[in-house]
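Participant: For reference, this is structure15.txt, and it has compact mmCIF, C-alpha atoms and all ligand atoms.
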# COMPACT_ATOMS: atom_id res chain seq x y z
CA MET A 1 141.95 133.84 107.94
CA ARG A 2 141.80 130.37 106.41
CA THR A 3 144.08 129.06 103.69
CA VAL A 4 141.09 127.75 101.74
CA GLU A 5 137.38 128.40 102.19
CA TRP A 6 133.97 128.47 100.51
CA THR A 7 132.40 131.81 99.62
CA GLU A 8 128.78 132.98 99.73
CA GLN A 9 128.88 133.08 95.92
CA ASN A 10 129.56 129.31 95.89
CA ARG A 11 133.20 129.68 94.92
CA VAL A 12 136.42 128.29 96.38
CA ARG A 13 138.68 131.01 97.76
CA MET A 14 142.38 130.45 98.52
CA ILE A 15 145.39 132.41 99.64
CA ASP A 16 147.74 132.56 96.64
CA GLN A 17 150.84 131.09 98.26
CA ARG A 18 152.99 131.85 95.24
CA ARG A 19 152.87 135.55 96.17
CA ILE A 20 153.83 135.27 99.84
CA PRO A 21 155.79 136.91 101.51
CA TRP A 22 155.45 139.92 99.25
CA HIS A 23 151.68 139.98 98.86
CA LEU A 24 148.80 138.47 100.80
CA ALA A 25 146.38 137.96 97.92
CA HIS A 26 143.43 135.64 97.35
CA VAL A 27 142.19 133.85 94.26
CA GLU A 28 138.66 132.56 93.68
CA TYR A 29 137.53 129.71 91.47
CA ASP A 30 134.13 128.72 90.11
CA ASP A 31 135.33 125.65 88.19
CA TYR A 32 136.74 122.52 89.87
CA ARG A 33 139.32 122.22 87.07
CA GLU A 34 140.78 125.54 88.22
CA VAL A 35 141.04 124.10 91.73
CA ALA A 36 142.92 121.08 90.34
CA GLN A 37 145.26 123.40 88.43
CA ALA A 38 145.78 125.53 91.56
CA ILE A 39 146.90 122.41 93.43
CA THR A 40 149.29 121.44 90.61
CA ASP A 41 150.69 124.98 90.41
CA MET A 42 151.03 125.19 94.20
CA VAL A 43 148.72 128.16 94.67
CA VAL A 44 147.73 125.94 97.58
CA ARG A 45 150.15 123.32 98.90
CA GLY A 46 150.86 121.23 101.99
CA ALA A 47 149.20 117.86 102.42
CA PRO A 48 146.25 118.84 104.67
CA ALA A 49 145.50 122.02 102.70
CA ILE A 50 145.58 120.06 99.44
CA GLY A 51 143.15 117.50 100.89
CA VAL A 52 140.60 120.08 102.00
CA SER A 53 141.00 122.02 98.72
CA ALA A 54 140.19 118.84 96.81
CA ALA A 55 137.12 118.31 99.01
CA TYR A 56 135.94 121.85 98.22
CA GLY A 57 136.78 121.10 94.59
CA MET A 58 134.34 118.19 94.65
CA ALA A 59 131.66 120.38 96.22
CA LEU A 60 132.36 123.00 93.55
CA ALA A 61 132.00 120.39 90.81
CA ALA A 62 128.58 119.49 92.20
CA TYR A 63 127.48 123.14 92.24
CA GLN A 64 128.79 123.96 88.76
CA SER A 65 127.18 120.89 87.22
CA GLY A 66 123.74 121.56 85.84
CA ALA A 67 122.77 117.91 86.34
CA LEU A 68 119.14 117.45 87.31
CA THR A 69 119.28 113.76 88.18
CA VAL A 70 121.36 111.87 90.74
CA GLY A 71 122.81 109.66 87.98
CA ASP A 72 123.96 112.60 85.86
CA LEU A 73 125.48 114.35 88.85
CA LEU A 74 127.38 111.22 89.92
CA ASP A 75 128.74 110.85 86.37
CA PHE A 76 129.97 114.45 86.53
CA LEU A 77 131.53 113.90 89.96
CA ASN A 78 133.33 110.75 88.84
CA VAL A 79 135.10 112.75 86.12
CA ALA A 80 135.89 115.56 88.57
CA ALA A 81 137.36 113.00 90.98
CA VAL A 82 139.77 111.70 88.33
CA ILE A 83 140.92 115.20 87.40
CA LEU A 84 141.36 116.35 91.00
CA LYS A 85 143.24 113.20 92.00
CA LYS A 86 145.72 113.74 89.16
CA ALA A 87 146.67 117.20 90.44
CA ARG A 88 149.51 115.93 92.65
CA PRO A 89 150.46 112.31 93.37
CA THR A 90 152.29 112.11 96.69
CA ALA A 91 150.19 113.67 99.46
CA VAL A 92 147.66 110.96 100.27
CA ASN A 93 145.27 113.53 101.76
CA LEU A 94 144.25 114.49 98.23
CA ALA A 95 143.15 111.06 97.00
CA TRP A 96 141.72 110.28 100.44
CA ALA A 97 139.57 113.43 100.44
CA VAL A 98 138.30 112.92 96.89
CA ASP A 99 137.36 109.27 97.53
CA HIS A 100 135.67 110.27 100.77
CA MET A 101 133.61 112.91 98.95
CA LEU A 102 132.60 110.34 96.34
CA ASP A 103 131.39 108.08 99.15
CA VAL A 104 129.32 110.94 100.54
CA ALA A 105 127.83 111.64 97.09
CA ARG A 106 126.91 107.98 96.60
CA ASP A 107 124.92 107.79 99.84
CA GLU A 108 121.68 106.16 98.70
CA SER A 109 119.60 108.15 101.16
CA LEU A 110 120.30 111.24 99.02
CA ASP A 111 117.67 110.93 96.33
CA ARG A 112 117.87 114.37 94.69
CA ALA A 113 120.82 116.07 92.99
CA ASP A 114 120.44 119.15 95.20
CA ASP A 115 120.63 116.96 98.32
CA ILE A 116 123.99 115.66 97.10
CA ARG A 117 125.21 119.20 96.47
CA ARG A 118 124.30 120.28 99.99
CA ALA A 119 125.78 117.12 101.52
CA LEU A 120 129.08 117.60 99.70
CA LEU A 121 129.41 121.21 100.77
CA ALA A 122 128.54 120.35 104.38
CA GLU A 123 131.16 117.59 104.36
CA ALA A 124 133.86 119.84 102.90
CA GLU A 125 133.09 122.43 105.60
CA ARG A 126 133.22 119.72 108.27
CA MET A 127 136.59 118.51 106.98
CA ALA A 128 137.96 122.06 107.05
CA ASP A 129 136.84 122.54 110.67
CA ALA A 130 138.15 119.10 111.64
CA ASP A 131 141.54 119.92 110.15
CA VAL A 132 141.93 122.93 112.42
CA ALA A 133 140.83 121.01 115.53
CA ILE A 134 143.11 118.05 114.75
CA ASN A 135 146.09 120.34 114.18
CA LYS A 136 145.61 121.92 117.59
CA GLN A 137 145.39 118.48 119.20
CA LEU A 138 148.58 117.24 117.59
CA ALA A 139 150.33 120.53 118.32
CA ALA A 140 149.48 120.14 122.01
CA HIS A 141 151.08 116.68 122.03
CA GLY A 142 154.10 117.89 120.08
CA ALA A 143 154.66 120.98 122.21
CA GLU A 144 155.43 118.73 125.19
CA LEU A 145 158.58 117.61 123.34
CA ILE A 146 159.90 121.17 123.14
CA ASN A 147 161.74 122.55 126.16
CA ASP A 148 162.29 126.10 127.26
CA GLY A 149 165.44 127.35 125.56
CA ASP A 150 165.32 124.87 122.66
CA THR A 151 166.43 125.54 119.12
CA ILE A 152 164.29 123.62 116.65
CA LEU A 153 165.25 122.75 113.09
CA HIS A 154 162.26 122.81 110.73
CA HIS A 155 161.97 121.93 107.04
CA CYS A 156 159.59 123.25 104.34
CA ASN A 157 156.33 124.88 105.46
CA THR A 158 153.97 123.06 107.77
CA GLY A 159 152.23 126.04 109.30
CA PHE A 160 148.74 127.40 108.82
CA LEU A 161 149.40 127.87 105.10
CA ALA A 162 149.98 124.11 104.69
CA THR A 163 146.71 123.33 106.45
CA VAL A 164 143.36 125.07 106.77
CA ASP A 165 144.67 126.81 109.88
CA TYR A 166 147.26 126.47 112.68
CA GLY A 167 149.60 123.90 111.11
CA THR A 168 151.24 120.62 112.07
CA ALA A 169 155.02 120.72 112.74
CA LEU A 170 155.07 124.51 112.74
CA GLY A 171 151.81 124.38 114.72
CA THR A 172 153.67 122.38 117.36
CA ILE A 173 156.38 125.04 117.46
CA ARG A 174 153.72 127.75 117.58
CA MET A 175 152.02 126.12 120.54
CA ALA A 176 155.31 125.82 122.44
CA TYR A 177 155.87 129.52 121.78
CA GLU A 178 152.34 130.40 122.88
CA GLN A 179 152.98 128.42 126.09
CA GLY A 180 155.67 130.97 126.85
CA LYS A 181 158.68 128.81 126.03
CA ASN A 182 161.74 130.72 124.97
CA ILE A 183 162.55 129.04 121.64
CA CYS A 184 164.22 129.73 118.33
CA VAL A 185 163.52 128.05 114.99
CA LEU A 186 166.07 127.43 112.28
CA LEU A 187 164.12 127.40 109.03
CA ASP A 188 165.63 125.51 106.13
CA GLU A 189 164.99 127.63 103.07
CA THR A 190 163.79 124.46 101.26
CA ARG A 191 164.89 124.68 97.67
CA PRO A 192 163.73 124.82 94.99
CA ARG A 193 160.29 126.23 95.95
CA LEU A 194 161.60 127.96 99.08
CA GLN A 195 158.64 127.10 101.28
CA GLY A 196 160.87 127.57 104.35
CA SER A 197 162.19 131.04 103.58
CA ARG A 198 159.08 132.39 101.88
CA LEU A 199 156.22 130.81 103.82
CA SER A 200 157.48 129.58 107.20
CA ALA A 201 159.51 132.74 107.81
CA TRP A 202 156.48 134.86 106.90
CA GLU A 203 154.34 132.91 109.37
CA CYS A 204 156.97 133.31 112.10
CA GLU A 205 157.10 137.05 111.37
CA GLU A 206 153.32 137.27 111.67
CA LEU A 207 153.26 135.30 114.94
CA GLY A 208 156.37 136.80 116.50
CA ILE A 209 158.17 133.44 116.77
CA PRO A 210 161.98 133.93 116.82
CA TYR A 211 163.47 132.37 113.68
CA GLU A 212 166.45 132.40 111.37
CA ILE A 213 166.45 131.22 107.78
CA ILE A 214 169.37 128.97 106.94
CA PRO A 215 170.51 127.59 103.57
CA ASP A 216 169.47 123.93 103.26
CA THR A 217 173.14 123.07 103.02
CA ALA A 218 173.82 124.59 106.48
CA ALA A 219 171.59 122.15 108.39
CA GLY A 220 174.44 119.67 108.97
CA TYR A 221 176.70 122.48 110.19
CA TYR A 222 174.26 123.45 112.95
CA LEU A 223 173.37 119.86 113.84
CA ARG A 224 177.02 118.94 114.31
CA ARG A 225 177.78 122.05 116.37
CA GLY A 226 175.15 120.98 118.88
CA GLU A 227 173.08 124.08 118.20
CA VAL A 228 169.89 122.12 117.49
CA ASN A 229 167.92 120.35 120.23
CA ILE A 230 165.14 118.81 118.18
CA VAL A 231 164.14 118.43 114.51
CA ILE A 232 160.46 118.57 113.56
CA PHE A 233 159.08 118.32 110.03
CA GLY A 234 155.76 117.31 108.48
CA ALA A 235 154.67 114.46 106.22
CA ASP A 236 152.92 114.04 102.90
CA ARG A 237 152.34 110.33 103.30
CA VAL A 238 153.35 107.91 106.04
CA ALA A 239 153.66 104.20 105.31
CA ALA A 240 152.39 101.45 107.62
CA ASN A 241 155.90 100.88 109.02
CA GLY A 242 156.36 104.57 109.89
CA ASP A 243 158.53 105.55 106.91
CA VAL A 244 157.80 109.22 106.24
CA VAL A 245 157.57 110.75 102.77
CA ASN A 246 158.07 114.49 103.09
CA LYS A 247 159.57 117.46 101.28
CA ILE A 248 162.82 116.73 99.49
CA GLY A 249 165.72 117.21 101.89
CA SER A 250 163.98 115.73 104.93
CA TYR A 251 165.95 112.49 104.59
CA GLN A 252 169.37 114.07 104.69
CA ILE A 253 168.42 116.16 107.74
CA ALA A 254 167.13 113.06 109.54
CA VAL A 255 170.30 111.08 108.84
CA LEU A 256 172.54 113.94 109.98
CA ALA A 257 170.44 114.48 113.10
CA HIS A 258 170.62 110.77 113.90
CA GLU A 259 174.40 110.83 113.43
CA ASN A 260 174.54 113.69 115.95
CA GLU A 261 172.05 112.06 118.36
CA ILE A 262 169.42 114.76 117.95
CA PRO A 263 165.80 113.51 117.99
CA VAL A 264 163.75 113.81 114.80
CA TYR A 265 159.94 113.91 114.81
CA SER A 266 157.43 114.02 111.99
CA ALA A 267 154.11 115.73 112.78
CA PHE A 268 150.97 114.88 110.79
CA PRO A 269 147.24 114.15 111.14
CA THR A 270 146.45 110.42 110.99
CA SER A 271 144.69 111.10 107.65
CA THR A 272 148.25 111.40 106.22
CA ALA A 273 148.97 107.75 107.10
CA ASP A 274 148.51 105.28 104.26
CA LEU A 275 148.41 101.82 105.78
CA THR A 276 148.06 100.26 102.30
CA MET A 277 151.73 101.15 101.76
CA ALA A 278 153.96 98.66 103.58
CA ASN A 279 156.98 100.98 103.40
CA GLY A 280 157.94 104.38 102.07
CA ASP A 281 159.81 103.15 99.01
CA ILE A 282 156.63 102.17 97.18
CA ILE A 283 154.99 105.59 97.63
CA PRO A 284 154.92 107.59 94.36
CA ILE A 285 157.28 110.56 94.40
CA GLU A 286 156.22 113.59 92.40
CA GLN A 287 158.75 114.79 89.83
CA ARG A 288 158.18 118.48 89.14
CA ASP A 289 158.97 120.88 86.32
CA LEU A 290 162.72 121.30 85.81
CA ASP A 291 162.35 125.04 85.49
CA GLU A 292 161.70 125.15 89.24
CA VAL A 293 165.41 124.24 89.57
CA ARG A 294 166.78 126.18 86.61
CA ALA A 295 164.73 129.33 87.03
CA PRO A 296 163.01 129.43 90.43
CA TYR A 297 160.27 132.06 90.45
CA GLY A 298 161.41 133.20 87.02
CA LEU A 299 164.98 134.01 88.11
CA GLU A 300 167.14 132.36 85.45
CA ILE A 301 170.02 130.81 87.38
CA VAL A 302 171.22 128.70 84.45
CA PRO A 303 170.31 128.55 80.74
CA ALA A 304 167.01 126.82 80.06
CA HIS A 305 168.70 123.91 78.21
CA PHE A 306 170.90 122.86 81.18
CA ASN A 307 170.02 119.39 82.49
CA ALA A 308 168.32 119.02 85.86
CA ARG A 309 166.19 116.75 88.05
CA ASN A 310 163.48 117.81 90.46
CA PRO A 311 162.02 115.23 92.86
CA ALA A 312 159.57 116.98 95.20
CA PHE A 313 159.75 114.50 98.10
CA ASP A 314 161.99 111.87 99.67
CA VAL A 315 161.61 108.95 102.06
CA THR A 316 162.89 109.07 105.63
CA PRO A 317 163.13 105.46 106.85
CA HIS A 318 161.41 105.03 110.21
CA ARG A 319 164.63 104.08 112.01
CA TYR A 320 165.70 107.73 111.90
CA LEU A 321 162.56 108.91 113.67
CA ALA A 322 162.32 109.28 117.45
CA GLY A 323 158.54 109.52 117.19
CA LEU A 324 155.50 110.49 115.13
CA ILE A 325 153.42 113.40 116.42
CA THR A 326 149.70 112.87 115.70
CA GLU A 327 146.38 114.03 117.13
CA GLN A 328 146.29 110.67 118.91
CA GLY A 329 149.52 111.41 120.76
CA VAL A 330 153.26 110.97 120.12
CA LEU A 331 153.71 107.50 118.63
CA ARG A 332 156.82 105.47 119.37
CA ALA A 333 158.43 102.46 117.67
CA PRO A 334 157.43 99.89 116.68
CA PHE A 335 155.41 102.17 114.40
CA THR A 336 153.69 99.31 112.58
CA GLU A 337 151.77 98.76 115.79
CA SER A 338 151.46 102.28 117.20
CA LEU A 339 150.40 103.80 113.86
CA ALA A 340 147.75 101.15 113.22
CA VAL A 341 146.32 101.73 116.71
CA ALA A 342 146.29 105.51 116.21
CA VAL A 343 144.61 105.32 112.79
CA LYS A 344 141.95 102.97 114.15
CA ALA A 345 141.31 105.22 117.15
CA ALA A 346 141.00 108.26 114.87
CA GLN A 347 138.47 106.49 112.69
CA GLY A 348 136.41 105.79 115.81
O1 LIG A 401 155.34 120.54 97.92
P1 LIG A 401 154.62 121.01 99.15
O2 LIG A 401 154.93 122.41 99.53
O3 LIG A 401 153.13 120.74 99.06
O4 LIG A 401 155.20 120.07 100.29
C1 LIG A 401 154.75 120.26 101.60
C2 LIG A 401 155.42 119.36 102.57
O5 LIG A 401 156.24 118.55 102.22
C3 LIG A 401 154.97 119.45 103.99
O6 LIG A 401 156.02 119.13 104.85
C4 LIG A 401 153.83 118.44 104.21
O7 LIG A 401 152.85 118.57 103.23
C5 LIG A 401 153.21 118.61 105.53
S1 LIG A 401 152.28 120.11 105.62
C6 LIG A 401 151.48 120.18 107.08
Just dump the structure as structure tokens.
Facilitator:
Amino acid sequence: MRTVEWTEQNRVRMIDQRRIPWHLAHVEYDDYREVAQAITDMVVRGAPAIGVSAAYGMALAAYQSGALTVGDLLDFLNVAAVILKKARPTAVNLAWAVDHMLDVARDESLDRADDIRRALLAEAERMADADVAINKQLAAHGAELINDGDTILHHCNTGFLATVDYGTALGTIRMAYEQGKNICVLLDETRPRLQGSRLSAWECEELGIPYEIIPDTAAGYYLRRGEVNIVIFGADRVAANGDVVNKIGSYQIAVLAHENEIPVYSAFPTSTADLTMANGDIIPIEQRDLDEVRAPYGLEIVPAHFNARNPAFDVTPHRYLAGLITEQGVLRAPFTESLAVAVKAAQG
């Protein structure tokens, strides 16, 4: 089962993550604008899954366009690229994937519109397969950091649902478990969208990985009691200096772990690194609908007119990180050097 895939009817099919853990249901789209809306509405979420969904969205745009000439098809794709890129601002995988697909479409050796369509679909499929392979590589590196008997603190959802398959930080934990290590995962519930309690716990249930959901506010309690051996979370965008932008709440966990001398790692594919950003503070942070705070999943906690704020991500400065887990290995400080080397190696 993949989080996102192409169907024989030339549609994009996704697991509807809004319905997990209660229902495992799929949605199918035949219009790239629906794919963009699905990303905004978090039908699909998680940086790598968003990136591949946007790539399929570009392929879908090519197939739905009736353009007969290369020029008309490129015009259509340029508009689709703008709409898809606007879906969510923080995870760099989205903009990266869309720009990459535009490059593929503009290849001058493709001299018929149908050639471009086929090339875009083939590239989206290649990116989906590569995502799975890269996740397994980085998980193998990360699993070496987890010892038999460890308790791991994890934030948000970084498992197969956040990728095409397998996962990044949760993939690392999964691999350690599959290696036979006796481990337990404390899953932050991750308010307000509850990716930890809804999605990560569901994945752990499916895989048999021992876990316990904890309120976000309990993380410090367990870190201080010495009940956590290692913290691993994902990343939505990583700056050139190693600052990690990830799900809101990651920063406070990293600071508390540092205070208690517990190592913190961020796991991500090198495609999540954005070397054009010198540090994390200049990365755009998505501000989401306030009703996610006031009435999560329709449950009215406070009246609709109560004031709120809802930043979706925060910045963990690199000094709080013991290392960065990538498919190129576990990177150590100084990250400005190790990350640049890893990105270059990944690009071949
Ligand atoms: O808002 P979300 O659910 O898309 O945020 C997801 C995260 O912050 C993940 O930690 C990150 O994308 C890495 S997923 C492998």
Participant: Determine the nearest neighbour of ligand LIG 401 (chain A) from the options A:Ala47, A:Ala176, A:Ala218, A:Leu60, counting only C-alpha atoms and all ligand atoms.
Facilitator: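 Among the listed residues, A:Ala47 lies closest to ligand LIG 401 (chain A).
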Participant: Give the centre and edge lengths of an axis-aligned box, in Å to one decimal, that holds all listed atoms of ligand LIG 401 (chain A) with 8 Å on each side, as AutoDock Vina command-line options.
Facilitator:
--center_x 153.9 --center_y 120.4 --center_z 102.5 --size_x 20.8 --size_y 20.0 --size_z 25.2
Participant: Compare A:Lys181, A:Arg237, A:Arg225, A:Arg294 by their minimum atom-to-atom distance to Asn260 of chain A, counting all atoms listed in the file, and give me the closest one.
Facilitator: A:Arg225
Participant: Mind running chain A against ligand LIG 401 (chain A) at 8 Å and telling me each contacting residue's nearest atom pair with the distance in Å (one decimal), counting all atoms listed in the file, chain and number ascending, as a Markdown table?
Facilitator:
| residue | atom | partner | partner_atom | distance |
| --- | --- | --- | --- | --- |
| A:Met42 | CA | A:LIG401 | O3 | 6.9 |
| A:Val44 | CA | A:LIG401 | O3 | 7.6 |
| A:Arg45 | CA | A:LIG401 | O3 | 3.9 |
| A:Gly46 | CA | A:LIG401 | O7 | 3.5 |
| A:Ala47 | CA | A:LIG401 | O7 | 3.8 |
| A:Pro48 | CA | A:LIG401 | C6 | 5.9 |
| A:Ala49 | CA | A:LIG401 | S1 | 7.6 |
| A:Ile50 | CA | A:LIG401 | O3 | 7.6 |
| A:Ala91 | CA | A:LIG401 | O7 | 6.7 |
| A:His155 | CA | A:LIG401 | O6 | 6.9 |
| A:Cys156 | CA | A:LIG401 | O6 | 5.5 |
| A:Asn157 | CA | A:LIG401 | C3 | 5.8 |
| A:Thr158 | CA | A:LIG401 | C6 | 3.9 |
| A:Gly159 | CA | A:LIG401 | C6 | 6.3 |
| A:Phe160 | CA | A:LIG401 | C6 | 7.9 |
| A:Ala162 | CA | A:LIG401 | S1 | 4.7 |
| A:Thr163 | CA | A:LIG401 | C6 | 5.8 |
| A:Gly167 | CA | A:LIG401 | C6 | 5.8 |
| A:Thr168 | CA | A:LIG401 | C6 | 5.0 |
| A:Ala169 | CA | A:LIG401 | C6 | 6.7 |
| A:Leu170 | CA | A:LIG401 | C6 | 8.0 |
| A:Arg193 | CA | A:LIG401 | O2 | 7.5 |
| A:Gln195 | CA | A:LIG401 | O2 | 6.2 |
| A:Phe233 | CA | A:LIG401 | O6 | 6.1 |
| A:Gly234 | CA | A:LIG401 | O6 | 4.1 |
| A:Ala235 | CA | A:LIG401 | C5 | 4.5 |
| A:Asp236 | CA | A:LIG401 | O7 | 4.5 |
| A:Val245 | CA | A:LIG401 | O5 | 7.9 |
| A:Asn246 | CA | A:LIG401 | O5 | 4.5 |
| A:Lys247 | CA | A:LIG401 | O5 | 3.6 |
| A:Ile248 | CA | A:LIG401 | O5 | 7.4 |
| A:Ala267 | CA | A:LIG401 | C6 | 7.7 |
| A:Phe268 | CA | A:LIG401 | C6 | 6.5 |
| A:Ala312 | CA | A:LIG401 | O1 | 6.2 |
| A:Phe313 | CA | A:LIG401 | O5 | 6.8 |
Participant: Please compute the atom CA of Gly323 of chain A-atom CA of Leu138 of chain A distance, one decimal, in Å.
Facilitator: 12.6 Å
Participant: Could you check how far atom CA of Asn182 of chain A sits from atom CA of Leu145 of chain A, in Å to one decimal?
Facilitator: 13.6 Å
Participant: If I take atom CA of Ser197 of chain A and atom CA of Leu153 of chain A, how far is one from the other in Å, to one decimal?
Facilitator: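 For atom CA of Ser197 of chain A relative to atom CA of Leu153 of chain A, the distance reads 13.0 Å.
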Participant: Would you please work out which residue, of A:Ala105, A:Val255, A:Ala128, A:Ala322, is nearest to Trp6 of chain A when using only C-alpha atoms?
Facilitator: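 Smallest distance to Trp6 of chain A is found for A:Ala128.
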Participant: Mind checking which residues fall within 10 Å of Ala333 of chain A, counting all atoms listed in the file, ignoring those fewer than 4 positions away in the same chain, and posting them as a list in words?
Facilitator: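 These residues fall inside the cut-off: Asn241, Gly242, His318, Arg319, Leu321, Ala322, Gly323, Leu324, Glu337, Ser338 and Leu339 of chain A.
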Participant: Check the smallest atom-to-atom distance from each of A:Glu327, A:His23, A:Lys85, A:Leu223 to Arg198 of chain A using all atoms listed in the file, then report the winner.
Facilitator: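 Ranking A:Glu327, A:His23, A:Lys85, A:Leu223 by distance to Arg198 of chain A, first place goes to A:His23.
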Participant: Near Asn229 of chain A, within 10 Å and counting all atoms listed in the file, which residues show up once chain neighbours fewer than 4 positions away are dropped, as a PyMOL selection string?
Facilitator: chain A and resi 146-147+149-153+223+257+261-264
Participant: Tell me which residues come within 7 Å of (165.6, 120.9, 103.2), as a PyMOL selection string, counting all atoms listed in the file in the file's coordinates.
Facilitator: chain A and resi 155-156+188-191+216+248-250
Participant: Would you pull segment 333-340 of chain A out of the block just shown and save all heavy atoms as a PDB file, in the first residue's frame?
Facilitator:
ATOM      1  N   ALA A 333      28.047  17.862  13.117  1.00  0.00           N
ATOM      2  CA  ALA A 333      28.472  19.260  13.020  1.00  0.00           C
ATOM      3  C   ALA A 333      29.958  19.310  12.646  1.00  0.00           C
ATOM      4  O   ALA A 333      30.710  18.386  13.016  1.00  0.00           O
ATOM      5  CB  ALA A 333      28.231  19.956  14.355  1.00  0.00           C
ATOM      6  N   PRO A 334      30.420  20.324  11.927  1.00  0.00           N
ATOM      7  CA  PRO A 334      29.630  21.448  11.448  1.00  0.00           C
ATOM      8  C   PRO A 334      28.758  21.061  10.242  1.00  0.00           C
ATOM      9  O   PRO A 334      29.253  20.551   9.248  1.00  0.00           O
ATOM     10  CB  PRO A 334      30.697  22.479  11.052  1.00  0.00           C
ATOM     11  CG  PRO A 334      31.921  21.666  10.737  1.00  0.00           C
ATOM     12  CD  PRO A 334      31.861  20.458  11.610  1.00  0.00           C
ATOM     13  N   PHE A 335      27.442  21.335  10.389  1.00  0.00           N
ATOM     14  CA  PHE A 335      26.484  20.893   9.375  1.00  0.00           C
ATOM     15  C   PHE A 335      26.619  21.668   8.067  1.00  0.00           C
ATOM     16  O   PHE A 335      26.251  21.164   7.011  1.00  0.00           O
ATOM     17  CB  PHE A 335      25.062  21.014   9.923  1.00  0.00           C
ATOM     18  CG  PHE A 335      24.803  20.133  11.119  1.00  0.00           C
ATOM     19  CD1 PHE A 335      24.436  20.680  12.331  1.00  0.00           C
ATOM     20  CD2 PHE A 335      24.950  18.756  11.029  1.00  0.00           C
ATOM     21  CE1 PHE A 335      24.199  19.875  13.436  1.00  0.00           C
ATOM     22  CE2 PHE A 335      24.729  17.928  12.128  1.00  0.00           C
ATOM     23  CZ  PHE A 335      24.346  18.488  13.343  1.00  0.00           C
ATOM     24  N   THR A 336      27.123  22.896   8.134  1.00  0.00           N
ATOM     25  CA  THR A 336      27.288  23.658   6.892  1.00  0.00           C
ATOM     26  C   THR A 336      28.157  22.855   5.925  1.00  0.00           C
ATOM     27  O   THR A 336      27.877  22.823   4.722  1.00  0.00           O
ATOM     28  CB  THR A 336      27.935  25.021   7.199  1.00  0.00           C
ATOM     29  OG1 THR A 336      27.170  25.634   8.234  1.00  0.00           O
ATOM     30  CG2 THR A 336      27.936  25.924   5.979  1.00  0.00           C
ATOM     31  N   GLU A 337      29.156  22.178   6.488  1.00  0.00           N
ATOM     32  CA  GLU A 337      30.016  21.362   5.623  1.00  0.00           C
ATOM     33  C   GLU A 337      29.401  20.001   5.328  1.00  0.00           C
ATOM     34  O   GLU A 337      29.283  19.594   4.170  1.00  0.00           O
ATOM     35  CB  GLU A 337      31.385  21.166   6.297  1.00  0.00           C
ATOM     36  CG  GLU A 337      32.240  22.408   6.249  1.00  0.00           C
ATOM     37  CD  GLU A 337      33.420  22.329   7.220  1.00  0.00           C
ATOM     38  OE1 GLU A 337      33.918  21.214   7.468  1.00  0.00           O
ATOM     39  OE2 GLU A 337      33.811  23.391   7.727  1.00  0.00           O
ATOM     40  N   SER A 338      28.990  19.286   6.376  1.00  0.00           N
ATOM     41  CA  SER A 338      28.530  17.904   6.162  1.00  0.00           C
ATOM     42  C   SER A 338      27.259  17.855   5.309  1.00  0.00           C
ATOM     43  O   SER A 338      27.099  16.957   4.480  1.00  0.00           O
ATOM     44  CB  SER A 338      28.305  17.197   7.498  1.00  0.00           C
ATOM     45  OG  SER A 338      27.409  17.915   8.311  1.00  0.00           O
ATOM     46  N   LEU A 339      26.373  18.856   5.468  1.00  0.00           N
ATOM     47  CA  LEU A 339      25.129  18.847   4.687  1.00  0.00           C
ATOM     48  C   LEU A 339      25.420  19.147   3.215  1.00  0.00           C
ATOM     49  O   LEU A 339      24.857  18.507   2.314  1.00  0.00           O
ATOM     50  CB  LEU A 339      24.149  19.870   5.278  1.00  0.00           C
ATOM     51  CG  LEU A 339      22.704  19.793   4.809  1.00  0.00           C
ATOM     52  CD1 LEU A 339      22.106  18.410   5.012  1.00  0.00           C
ATOM     53  CD2 LEU A 339      21.849  20.823   5.552  1.00  0.00           C
ATOM     54  N   ALA A 340      26.320  20.099   2.973  1.00  0.00           N
ATOM     55  CA  ALA A 340      26.656  20.427   1.579  1.00  0.00           C
ATOM     56  C   ALA A 340      27.270  19.217   0.878  1.00  0.00           C
ATOM     57  O   ALA A 340      26.941  18.917  -0.279  1.00  0.00           O
ATOM     58  CB  ALA A 340      27.631  21.616   1.553  1.00  0.00           C
TER      59      ALA A 340
END
